[in-house]
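Here is query34.txt, consisting of compact mmCIF, N, CA and C atoms:
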# COMPACT_ATOMS: atom_id res chain seq x y z
N ARG R 25 -23.37 5.42 39.57
CA ARG R 25 -22.86 4.65 38.45
C ARG R 25 -21.70 5.37 37.75
N GLY R 26 -21.65 6.66 37.81
CA GLY R 26 -20.56 7.38 37.16
C GLY R 26 -20.77 7.50 35.66
N GLU R 27 -19.82 8.13 35.02
CA GLU R 27 -19.89 8.32 33.58
C GLU R 27 -19.40 7.07 32.86
N PRO R 28 -19.94 6.82 31.66
CA PRO R 28 -19.46 5.65 30.91
C PRO R 28 -17.99 5.83 30.54
N ALA R 29 -17.29 4.72 30.46
CA ALA R 29 -15.88 4.76 30.10
C ALA R 29 -15.72 5.28 28.67
N ALA R 30 -14.72 6.11 28.48
CA ALA R 30 -14.45 6.64 27.15
C ALA R 30 -13.94 5.51 26.26
N GLU R 31 -14.32 5.58 24.99
CA GLU R 31 -13.82 4.61 24.03
C GLU R 31 -12.32 4.82 23.87
N PRO R 32 -11.54 3.76 23.81
CA PRO R 32 -10.11 3.94 23.59
C PRO R 32 -9.85 4.50 22.19
N GLU R 33 -8.87 5.37 22.09
CA GLU R 33 -8.54 5.95 20.80
C GLU R 33 -7.76 4.93 19.98
N VAL R 34 -8.11 4.82 18.74
CA VAL R 34 -7.39 3.93 17.82
C VAL R 34 -7.25 4.65 16.48
N ALA R 35 -6.09 4.50 15.87
CA ALA R 35 -5.86 5.14 14.57
C ALA R 35 -4.89 4.27 13.77
N LEU R 36 -5.20 4.04 12.53
CA LEU R 36 -4.31 3.31 11.65
C LEU R 36 -3.25 4.27 11.14
N LYS R 37 -1.99 3.99 11.39
CA LYS R 37 -0.92 4.88 10.93
C LYS R 37 -0.53 4.60 9.48
N ARG R 38 -0.22 3.33 9.17
CA ARG R 38 0.19 3.03 7.80
C ARG R 38 0.18 1.54 7.55
N VAL R 39 0.21 1.18 6.30
CA VAL R 39 0.43 -0.18 5.84
C VAL R 39 1.86 -0.23 5.33
N ASN R 40 2.58 -1.30 5.64
CA ASN R 40 3.96 -1.47 5.20
C ASN R 40 4.06 -2.76 4.39
N LEU R 41 4.44 -2.65 3.13
CA LEU R 41 4.57 -3.80 2.25
C LEU R 41 6.04 -4.14 2.03
N LEU R 42 6.39 -5.43 2.12
CA LEU R 42 7.73 -5.87 1.76
C LEU R 42 7.80 -6.03 0.25
N VAL R 43 8.85 -5.47 -0.35
CA VAL R 43 9.00 -5.52 -1.81
C VAL R 43 10.43 -5.93 -2.16
N ARG R 44 10.60 -6.46 -3.35
CA ARG R 44 11.91 -6.91 -3.80
C ARG R 44 12.73 -5.79 -4.45
N ASP R 45 12.05 -4.80 -5.02
CA ASP R 45 12.73 -3.74 -5.77
C ASP R 45 11.99 -2.43 -5.50
N LEU R 46 12.59 -1.58 -4.69
CA LEU R 46 11.94 -0.34 -4.28
C LEU R 46 11.67 0.58 -5.47
N ASP R 47 12.61 0.70 -6.38
CA ASP R 47 12.40 1.58 -7.53
C ASP R 47 11.22 1.11 -8.38
N ARG R 48 11.11 -0.20 -8.60
CA ARG R 48 9.98 -0.75 -9.37
C ARG R 48 8.66 -0.46 -8.64
N SER R 49 8.67 -0.59 -7.32
CA SER R 49 7.45 -0.32 -6.55
C SER R 49 7.09 1.16 -6.56
N LEU R 50 8.10 2.03 -6.49
CA LEU R 50 7.82 3.47 -6.53
C LEU R 50 7.22 3.88 -7.87
N ALA R 51 7.57 3.18 -8.93
CA ALA R 51 6.98 3.47 -10.24
C ALA R 51 5.47 3.25 -10.21
N ILE R 52 5.00 2.43 -9.29
CA ILE R 52 3.56 2.19 -9.15
C ILE R 52 2.96 3.12 -8.09
N TYR R 53 3.45 3.00 -6.86
CA TYR R 53 2.82 3.70 -5.74
C TYR R 53 3.02 5.21 -5.78
N ARG R 54 4.16 5.67 -6.27
CA ARG R 54 4.41 7.11 -6.40
C ARG R 54 3.93 7.62 -7.75
N ASP R 55 4.43 7.01 -8.83
CA ASP R 55 4.22 7.56 -10.16
C ASP R 55 2.81 7.32 -10.72
N ILE R 56 2.18 6.22 -10.38
CA ILE R 56 0.84 5.94 -10.88
C ILE R 56 -0.23 6.33 -9.87
N LEU R 57 -0.09 5.87 -8.62
CA LEU R 57 -1.13 6.15 -7.63
C LEU R 57 -1.05 7.55 -7.05
N GLY R 58 0.13 8.15 -7.00
CA GLY R 58 0.23 9.54 -6.57
C GLY R 58 0.74 9.77 -5.16
N PHE R 59 1.22 8.73 -4.46
CA PHE R 59 1.85 8.97 -3.16
C PHE R 59 3.14 9.76 -3.37
N ARG R 60 3.54 10.52 -2.36
CA ARG R 60 4.78 11.29 -2.41
C ARG R 60 5.79 10.69 -1.43
N VAL R 61 7.05 10.59 -1.85
CA VAL R 61 8.09 10.04 -0.97
C VAL R 61 8.35 11.03 0.15
N PHE R 62 8.24 10.56 1.38
CA PHE R 62 8.62 11.35 2.56
C PHE R 62 10.10 11.16 2.83
N ALA R 63 10.54 9.90 2.90
CA ALA R 63 11.95 9.61 3.17
C ALA R 63 12.27 8.18 2.74
N ILE R 64 13.52 7.97 2.36
CA ILE R 64 14.05 6.65 2.08
C ILE R 64 15.31 6.50 2.93
N SER R 65 15.41 5.40 3.66
CA SER R 65 16.58 5.19 4.51
C SER R 65 16.98 3.73 4.53
N GLU R 66 18.25 3.50 4.80
CA GLU R 66 18.75 2.15 5.01
C GLU R 66 18.36 1.75 6.44
N SER R 67 17.94 0.53 6.62
CA SER R 67 17.61 0.03 7.95
C SER R 67 18.80 -0.72 8.51
N GLY R 68 19.17 -0.42 9.74
CA GLY R 68 20.30 -1.08 10.39
C GLY R 68 19.91 -2.45 10.93
N PRO R 69 20.90 -3.18 11.42
CA PRO R 69 20.65 -4.55 11.90
C PRO R 69 19.74 -4.61 13.13
N GLN R 70 19.52 -3.49 13.79
CA GLN R 70 18.63 -3.47 14.96
C GLN R 70 17.20 -3.06 14.61
N SER R 71 16.93 -2.90 13.33
CA SER R 71 15.60 -2.48 12.89
C SER R 71 14.53 -3.43 13.42
N TYR R 72 13.45 -2.87 13.87
CA TYR R 72 12.31 -3.65 14.37
C TYR R 72 11.69 -4.50 13.25
N SER R 73 11.95 -4.15 12.00
CA SER R 73 11.40 -4.92 10.88
C SER R 73 11.92 -6.36 10.86
N TYR R 74 13.14 -6.59 11.35
CA TYR R 74 13.67 -7.96 11.35
C TYR R 74 12.80 -8.91 12.17
N PRO R 75 12.55 -8.62 13.45
CA PRO R 75 11.69 -9.55 14.20
C PRO R 75 10.23 -9.49 13.77
N VAL R 76 9.74 -8.32 13.39
CA VAL R 76 8.33 -8.19 13.02
C VAL R 76 8.00 -9.03 11.80
N PHE R 77 8.85 -8.97 10.77
CA PHE R 77 8.60 -9.71 9.53
C PHE R 77 9.34 -11.04 9.47
N SER R 78 9.97 -11.44 10.56
CA SER R 78 10.73 -12.71 10.63
C SER R 78 11.81 -12.78 9.55
N LEU R 79 12.55 -11.69 9.39
CA LEU R 79 13.60 -11.63 8.37
C LEU R 79 14.92 -12.08 8.95
N PRO R 80 15.70 -12.84 8.20
CA PRO R 80 17.00 -13.29 8.68
C PRO R 80 18.00 -12.12 8.71
N PRO R 81 19.04 -12.23 9.53
CA PRO R 81 19.99 -11.10 9.67
C PRO R 81 20.74 -10.75 8.40
N GLN R 82 20.86 -11.68 7.44
CA GLN R 82 21.58 -11.36 6.20
C GLN R 82 20.74 -10.51 5.24
N ALA R 83 19.46 -10.33 5.52
CA ALA R 83 18.62 -9.48 4.67
C ALA R 83 19.08 -8.03 4.80
N LYS R 84 19.07 -7.34 3.68
CA LYS R 84 19.37 -5.90 3.65
C LYS R 84 18.05 -5.17 3.42
N LEU R 85 17.81 -4.13 4.22
CA LEU R 85 16.52 -3.44 4.17
C LEU R 85 16.71 -1.97 3.81
N ARG R 86 15.81 -1.50 2.97
CA ARG R 86 15.69 -0.07 2.65
C ARG R 86 14.24 0.29 2.90
N PHE R 87 13.99 1.30 3.71
CA PHE R 87 12.65 1.66 4.18
C PHE R 87 12.24 2.98 3.53
N CYS R 88 11.05 2.99 2.94
CA CYS R 88 10.52 4.19 2.28
C CYS R 88 9.15 4.51 2.84
N THR R 89 8.98 5.72 3.35
CA THR R 89 7.65 6.15 3.77
C THR R 89 7.09 7.09 2.72
N LEU R 90 5.78 6.98 2.52
CA LEU R 90 5.08 7.75 1.50
C LEU R 90 3.95 8.54 2.12
N ASP R 91 3.79 9.76 1.68
CA ASP R 91 2.69 10.61 2.13
C ASP R 91 1.52 10.49 1.17
N SER R 92 0.32 10.51 1.73
CA SER R 92 -0.88 10.65 0.90
C SER R 92 -1.23 12.14 0.90
N SER R 93 -2.31 12.49 0.23
CA SER R 93 -2.71 13.90 0.22
C SER R 93 -3.28 14.33 1.56
N THR R 94 -3.59 13.38 2.45
CA THR R 94 -4.20 13.73 3.74
C THR R 94 -3.39 13.28 4.96
N GLU R 95 -2.35 12.47 4.76
CA GLU R 95 -1.63 11.91 5.91
C GLU R 95 -0.14 11.81 5.60
N VAL R 96 0.68 12.25 6.56
CA VAL R 96 2.12 12.11 6.45
C VAL R 96 2.50 10.67 6.78
N ARG R 97 3.38 10.09 5.99
CA ARG R 97 3.87 8.72 6.19
C ARG R 97 2.71 7.72 6.30
N ALA R 98 1.77 7.82 5.37
CA ALA R 98 0.55 6.99 5.39
C ALA R 98 0.78 5.58 4.86
N PHE R 99 1.87 5.36 4.13
CA PHE R 99 2.11 4.09 3.47
C PHE R 99 3.61 3.86 3.50
N ALA R 100 4.04 2.61 3.53
CA ALA R 100 5.48 2.33 3.55
C ALA R 100 5.80 1.13 2.69
N LEU R 101 6.99 1.17 2.14
CA LEU R 101 7.54 0.05 1.37
C LEU R 101 8.89 -0.29 1.98
N THR R 102 9.11 -1.55 2.29
CA THR R 102 10.40 -2.00 2.78
C THR R 102 11.01 -2.93 1.74
N GLU R 103 12.10 -2.46 1.13
CA GLU R 103 12.80 -3.29 0.15
C GLU R 103 13.65 -4.30 0.90
N VAL R 104 13.53 -5.57 0.51
CA VAL R 104 14.30 -6.65 1.12
C VAL R 104 15.16 -7.27 0.03
N THR R 105 16.48 -7.19 0.20
CA THR R 105 17.41 -7.82 -0.73
C THR R 105 18.36 -8.72 0.06
N GLY R 106 19.05 -9.57 -0.64
CA GLY R 106 20.02 -10.46 0.01
C GLY R 106 19.42 -11.78 0.47
N VAL R 107 18.11 -11.90 0.44
CA VAL R 107 17.41 -13.14 0.76
C VAL R 107 16.22 -13.25 -0.18
N GLU R 108 15.75 -14.45 -0.36
CA GLU R 108 14.59 -14.67 -1.23
C GLU R 108 13.31 -14.49 -0.44
N LEU R 109 12.42 -13.64 -0.92
CA LEU R 109 11.10 -13.51 -0.31
C LEU R 109 10.23 -14.66 -0.82
N PRO R 110 9.27 -15.10 0.00
CA PRO R 110 8.42 -16.21 -0.46
C PRO R 110 7.55 -15.80 -1.64
N ALA R 111 7.17 -16.80 -2.41
CA ALA R 111 6.26 -16.56 -3.54
C ALA R 111 4.91 -16.10 -3.00
N PRO R 112 4.19 -15.29 -3.76
CA PRO R 112 2.86 -14.85 -3.31
C PRO R 112 1.93 -16.05 -3.15
N PRO R 113 1.04 -15.99 -2.19
CA PRO R 113 0.09 -17.09 -2.01
C PRO R 113 -0.92 -17.14 -3.16
N ALA R 114 -1.53 -18.32 -3.35
CA ALA R 114 -2.53 -18.48 -4.42
C ALA R 114 -3.78 -17.67 -4.13
N VAL R 115 -4.08 -17.46 -2.86
CA VAL R 115 -5.23 -16.67 -2.43
C VAL R 115 -4.69 -15.47 -1.66
N HIS R 116 -5.16 -14.28 -2.00
CA HIS R 116 -4.70 -13.08 -1.29
C HIS R 116 -5.26 -13.08 0.13
N LEU R 117 -4.41 -12.75 1.09
CA LEU R 117 -4.81 -12.76 2.50
C LEU R 117 -5.11 -11.38 3.05
N SER R 118 -4.71 -10.33 2.34
CA SER R 118 -4.99 -8.97 2.80
C SER R 118 -4.86 -8.02 1.62
N ALA R 119 -5.39 -6.82 1.80
CA ALA R 119 -5.28 -5.80 0.76
C ALA R 119 -5.50 -4.42 1.37
N PRO R 120 -4.58 -3.48 1.12
CA PRO R 120 -4.90 -2.11 1.49
C PRO R 120 -5.97 -1.59 0.53
N VAL R 121 -6.84 -0.75 1.03
CA VAL R 121 -7.90 -0.14 0.22
C VAL R 121 -7.59 1.36 0.18
N ILE R 122 -7.40 1.89 -1.01
CA ILE R 122 -6.89 3.25 -1.19
C ILE R 122 -7.85 4.07 -2.04
N ARG R 123 -8.23 5.24 -1.53
CA ARG R 123 -9.07 6.16 -2.31
C ARG R 123 -8.17 6.93 -3.26
N ILE R 124 -8.59 7.01 -4.52
CA ILE R 124 -7.82 7.72 -5.53
C ILE R 124 -8.71 8.70 -6.28
N GLU R 125 -8.10 9.55 -7.05
CA GLU R 125 -8.76 10.38 -8.05
C GLU R 125 -8.24 9.87 -9.40
N ARG R 126 -8.77 10.36 -10.50
CA ARG R 126 -8.29 9.99 -11.83
C ARG R 126 -8.41 8.49 -12.08
N PHE R 127 -9.53 7.91 -11.74
CA PHE R 127 -9.76 6.46 -11.80
C PHE R 127 -9.37 5.86 -13.15
N ASP R 128 -9.91 6.42 -14.22
CA ASP R 128 -9.66 5.87 -15.56
C ASP R 128 -8.19 6.00 -15.96
N GLU R 129 -7.58 7.12 -15.61
CA GLU R 129 -6.17 7.34 -15.91
C GLU R 129 -5.29 6.34 -15.15
N VAL R 130 -5.59 6.14 -13.88
CA VAL R 130 -4.83 5.19 -13.07
C VAL R 130 -4.98 3.78 -13.64
N ARG R 131 -6.21 3.41 -14.00
CA ARG R 131 -6.43 2.08 -14.59
C ARG R 131 -5.60 1.90 -15.85
N ALA R 132 -5.61 2.88 -16.71
CA ALA R 132 -4.85 2.79 -17.96
C ALA R 132 -3.36 2.66 -17.68
N LYS R 133 -2.85 3.40 -16.73
CA LYS R 133 -1.42 3.33 -16.40
C LYS R 133 -1.05 1.99 -15.78
N LEU R 134 -1.92 1.45 -14.93
CA LEU R 134 -1.66 0.13 -14.34
C LEU R 134 -1.61 -0.93 -15.44
N GLU R 135 -2.56 -0.88 -16.35
CA GLU R 135 -2.59 -1.85 -17.44
C GLU R 135 -1.39 -1.67 -18.37
N ALA R 136 -1.01 -0.42 -18.64
CA ALA R 136 0.16 -0.16 -19.50
C ALA R 136 1.44 -0.68 -18.85
N ALA R 137 1.46 -0.70 -17.51
CA ALA R 137 2.62 -1.22 -16.77
C ALA R 137 2.63 -2.75 -16.73
N GLY R 138 1.60 -3.37 -17.32
CA GLY R 138 1.55 -4.83 -17.38
C GLY R 138 0.98 -5.48 -16.13
N LEU R 139 0.31 -4.71 -15.30
CA LEU R 139 -0.25 -5.25 -14.07
C LEU R 139 -1.66 -5.77 -14.32
N ALA R 140 -1.98 -6.88 -13.71
CA ALA R 140 -3.31 -7.47 -13.83
C ALA R 140 -4.29 -6.64 -13.01
N VAL R 141 -5.31 -6.13 -13.68
CA VAL R 141 -6.33 -5.31 -13.02
C VAL R 141 -7.64 -6.10 -13.01
N VAL R 142 -8.23 -6.21 -11.82
CA VAL R 142 -9.54 -6.86 -11.71
C VAL R 142 -10.57 -5.90 -12.30
N GLU R 143 -11.45 -6.42 -13.12
CA GLU R 143 -12.44 -5.60 -13.81
C GLU R 143 -13.16 -4.67 -12.83
N PRO R 144 -13.14 -3.36 -13.10
CA PRO R 144 -13.80 -2.42 -12.19
C PRO R 144 -15.31 -2.65 -12.12
N ARG R 145 -15.89 -2.19 -11.01
CA ARG R 145 -17.34 -2.21 -10.87
C ARG R 145 -17.77 -1.02 -10.04
N SER R 146 -19.04 -0.71 -10.14
CA SER R 146 -19.63 0.38 -9.34
C SER R 146 -20.41 -0.23 -8.20
N SER R 147 -20.44 0.50 -7.10
CA SER R 147 -21.17 0.03 -5.92
C SER R 147 -21.60 1.24 -5.12
N LYS R 148 -22.19 0.98 -3.95
CA LYS R 148 -22.62 2.05 -3.05
C LYS R 148 -22.07 1.80 -1.66
N THR R 149 -21.72 2.90 -0.99
CA THR R 149 -21.27 2.79 0.40
C THR R 149 -22.49 2.49 1.28
N ALA R 150 -22.23 2.17 2.52
CA ALA R 150 -23.32 1.93 3.48
C ALA R 150 -24.22 3.15 3.62
N GLU R 151 -23.64 4.33 3.34
CA GLU R 151 -24.40 5.58 3.42
C GLU R 151 -25.12 5.91 2.12
N GLY R 152 -24.93 5.08 1.09
CA GLY R 152 -25.64 5.28 -0.17
C GLY R 152 -24.87 6.05 -1.23
N GLN R 153 -23.62 6.42 -0.97
CA GLN R 153 -22.83 7.15 -1.98
C GLN R 153 -22.25 6.15 -2.98
N THR R 154 -22.33 6.49 -4.26
CA THR R 154 -21.81 5.58 -5.27
C THR R 154 -20.29 5.76 -5.42
N PHE R 155 -19.65 4.68 -5.81
CA PHE R 155 -18.22 4.71 -6.04
C PHE R 155 -17.85 3.62 -7.05
N ARG R 156 -16.69 3.81 -7.66
CA ARG R 156 -16.13 2.78 -8.55
C ARG R 156 -14.93 2.18 -7.85
N GLU R 157 -14.73 0.88 -8.06
CA GLU R 157 -13.59 0.22 -7.45
C GLU R 157 -12.93 -0.74 -8.44
N MET R 158 -11.64 -0.95 -8.22
CA MET R 158 -10.88 -1.93 -9.00
C MET R 158 -9.77 -2.43 -8.09
N ALA R 159 -9.14 -3.48 -8.51
CA ALA R 159 -8.01 -4.01 -7.74
C ALA R 159 -6.92 -4.42 -8.72
N PHE R 160 -5.69 -4.45 -8.23
CA PHE R 160 -4.57 -4.93 -9.03
C PHE R 160 -3.60 -5.66 -8.11
N THR R 161 -2.76 -6.45 -8.72
CA THR R 161 -1.71 -7.14 -7.98
C THR R 161 -0.38 -6.55 -8.42
N ASP R 162 0.42 -6.10 -7.46
CA ASP R 162 1.71 -5.50 -7.80
C ASP R 162 2.73 -6.61 -8.10
N PRO R 163 3.93 -6.25 -8.56
CA PRO R 163 4.91 -7.27 -8.94
C PRO R 163 5.36 -8.19 -7.80
N ASP R 164 5.13 -7.78 -6.56
CA ASP R 164 5.49 -8.62 -5.41
C ASP R 164 4.33 -9.46 -4.92
N GLY R 165 3.19 -9.39 -5.61
CA GLY R 165 2.05 -10.22 -5.26
C GLY R 165 1.07 -9.59 -4.29
N HIS R 166 1.26 -8.31 -3.95
CA HIS R 166 0.33 -7.63 -3.05
C HIS R 166 -0.92 -7.21 -3.80
N LEU R 167 -2.07 -7.60 -3.27
CA LEU R 167 -3.35 -7.15 -3.82
C LEU R 167 -3.64 -5.76 -3.27
N VAL R 168 -4.02 -4.85 -4.14
CA VAL R 168 -4.34 -3.47 -3.74
C VAL R 168 -5.70 -3.14 -4.34
N VAL R 169 -6.61 -2.64 -3.51
CA VAL R 169 -7.94 -2.24 -3.95
C VAL R 169 -7.98 -0.72 -4.02
N LEU R 170 -8.47 -0.19 -5.13
CA LEU R 170 -8.56 1.26 -5.33
C LEU R 170 -10.02 1.63 -5.55
N TYR R 171 -10.41 2.80 -5.05
CA TYR R 171 -11.77 3.26 -5.30
C TYR R 171 -11.79 4.76 -5.47
N GLN R 172 -12.81 5.23 -6.17
CA GLN R 172 -13.05 6.66 -6.34
C GLN R 172 -14.52 6.92 -6.07
N LEU R 173 -14.78 7.87 -5.19
CA LEU R 173 -16.16 8.27 -4.91
C LEU R 173 -16.69 9.06 -6.10
N ASP R 174 -17.97 8.83 -6.44
CA ASP R 174 -18.59 9.58 -7.54
C ASP R 174 -19.13 10.91 -7.05
Show me this structure written as structure tokens.
Amino acid sequence: RGEPAAEPEVALKRVNLLVRDLDRSLAIYRDILGFRVFAISESGPQSYSYPVFSLPPQAKLRFCTLDSSTEVRAFALTEVTGVELPAPPAVHLSAPVIRIERFDEVRAKLEAAGLAVVEPRSSKTAEGQTFREMAFTDPDGHLVVLYQLD
């Protein structure tokens, strides 16, 4: 029978959000949540982001990768200017889930920035560890879930 087949390796590299204003987004993801900018670059007309996100050629793109405390280039923001991005849907279709520290401080800063924060709650992981979680919607309509392990 031989040895069982090895499980294929899979790893999530990053989440990439399209945003209208990179500086406004960095005020949240860098300054409040604590990601660090790895690099910011202009994307050329051959960028893979055009076909991936179905962007028209007149769109201008600026790409920013952000480091977390555990992963290089763990998160990305792509600024899209020169074309109108669609309005956020009435129902959120996806959300990155991000572990943070300084839960109460982050919540206060999000609220001070005028962002709608979903009322936090406490829960337990499948392994029984308690954690607190909250969610907010950024200015581009992206839902983001944050949690801190107790």
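Take the candidates R:Glu143, R:Asp162, R:Asp174, R:Glu157 and check each one against Ile122 (chain R) using only C-alpha atoms; the shortest distance goes to R:Glu157.
As for CA of Pro120 (chain R) and CA of Ala132 (chain R), they are spaced 20.1 Å apart.
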**Request:** Enumerate, as an MDAnalysis selection string, the protein, DNA and RNA residues whose atoms approach (13.9, 2.5, -1.1) to within 6 Å, taking into account all atoms listed in the file and the coordinate frame of the file.
**Result:** chainID R and resid 46:47 64:65 86:88 103
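CA of Pro32 (chain R) is positioned 27.1 Å from atom C of Arg123 (chain R).
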How would you write, as a PDB file with N, CA and C atoms, keeping the file's coordinate frame, the set of residues in region 107-137 of chain R that DSSP gives as helix (DSSP H, G or I)?
ATOM      1  N   PHE R 127      -9.530   7.910 -11.740  1.00  0.00           N
ATOM      2  CA  PHE R 127      -9.760   6.460 -11.800  1.00  0.00           C
ATOM      3  C   PHE R 127      -9.370   5.860 -13.150  1.00  0.00           C
ATOM      4  N   ASP R 128      -9.910   6.420 -14.220  1.00  0.00           N
ATOM      5  CA  ASP R 128      -9.660   5.870 -15.560  1.00  0.00           C
ATOM      6  C   ASP R 128      -8.190   6.000 -15.960  1.00  0.00           C
ATOM      7  N   GLU R 129      -7.580   7.120 -15.610  1.00  0.00           N
ATOM      8  CA  GLU R 129      -6.170   7.340 -15.910  1.00  0.00           C
ATOM      9  C   GLU R 129      -5.290   6.340 -15.150  1.00  0.00           C
ATOM     10  N   VAL R 130      -5.590   6.140 -13.880  1.00  0.00           N
ATOM     11  CA  VAL R 130      -4.830   5.190 -13.070  1.00  0.00           C
ATOM     12  C   VAL R 130      -4.980   3.780 -13.640  1.00  0.00           C
ATOM     13  N   ARG R 131      -6.210   3.410 -14.000  1.00  0.00           N
ATOM     14  CA  ARG R 131      -6.430   2.080 -14.590  1.00  0.00           C
ATOM     15  C   ARG R 131      -5.600   1.900 -15.850  1.00  0.00           C
ATOM     16  N   ALA R 132      -5.610   2.880 -16.710  1.00  0.00           N
ATOM     17  CA  ALA R 132      -4.850   2.790 -17.960  1.00  0.00           C
ATOM     18  C   ALA R 132      -3.360   2.660 -17.680  1.00  0.00           C
ATOM     19  N   LYS R 133      -2.850   3.400 -16.730  1.00  0.00           N
ATOM     20  CA  LYS R 133      -1.420   3.330 -16.400  1.00  0.00           C
ATOM     21  C   LYS R 133      -1.050   1.990 -15.780  1.00  0.00           C
ATOM     22  N   LEU R 134      -1.920   1.450 -14.930  1.00  0.00           N
ATOM     23  CA  LEU R 134      -1.660   0.130 -14.340  1.00  0.00           C
ATOM     24  C   LEU R 134      -1.610  -0.930 -15.440  1.00  0.00           C
ATOM     25  N   GLU R 135      -2.560  -0.880 -16.350  1.00  0.00           N
ATOM     26  CA  GLU R 135      -2.590  -1.850 -17.440  1.00  0.00           C
ATOM     27  C   GLU R 135      -1.390  -1.670 -18.370  1.00  0.00           C
ATOM     28  N   ALA R 136      -1.010  -0.420 -18.640  1.00  0.00           N
ATOM     29  CA  ALA R 136       0.160  -0.160 -19.500  1.00  0.00           C
ATOM     30  C   ALA R 136       1.440  -0.680 -18.850  1.00  0.00           C
TER      31      ALA R 136
END
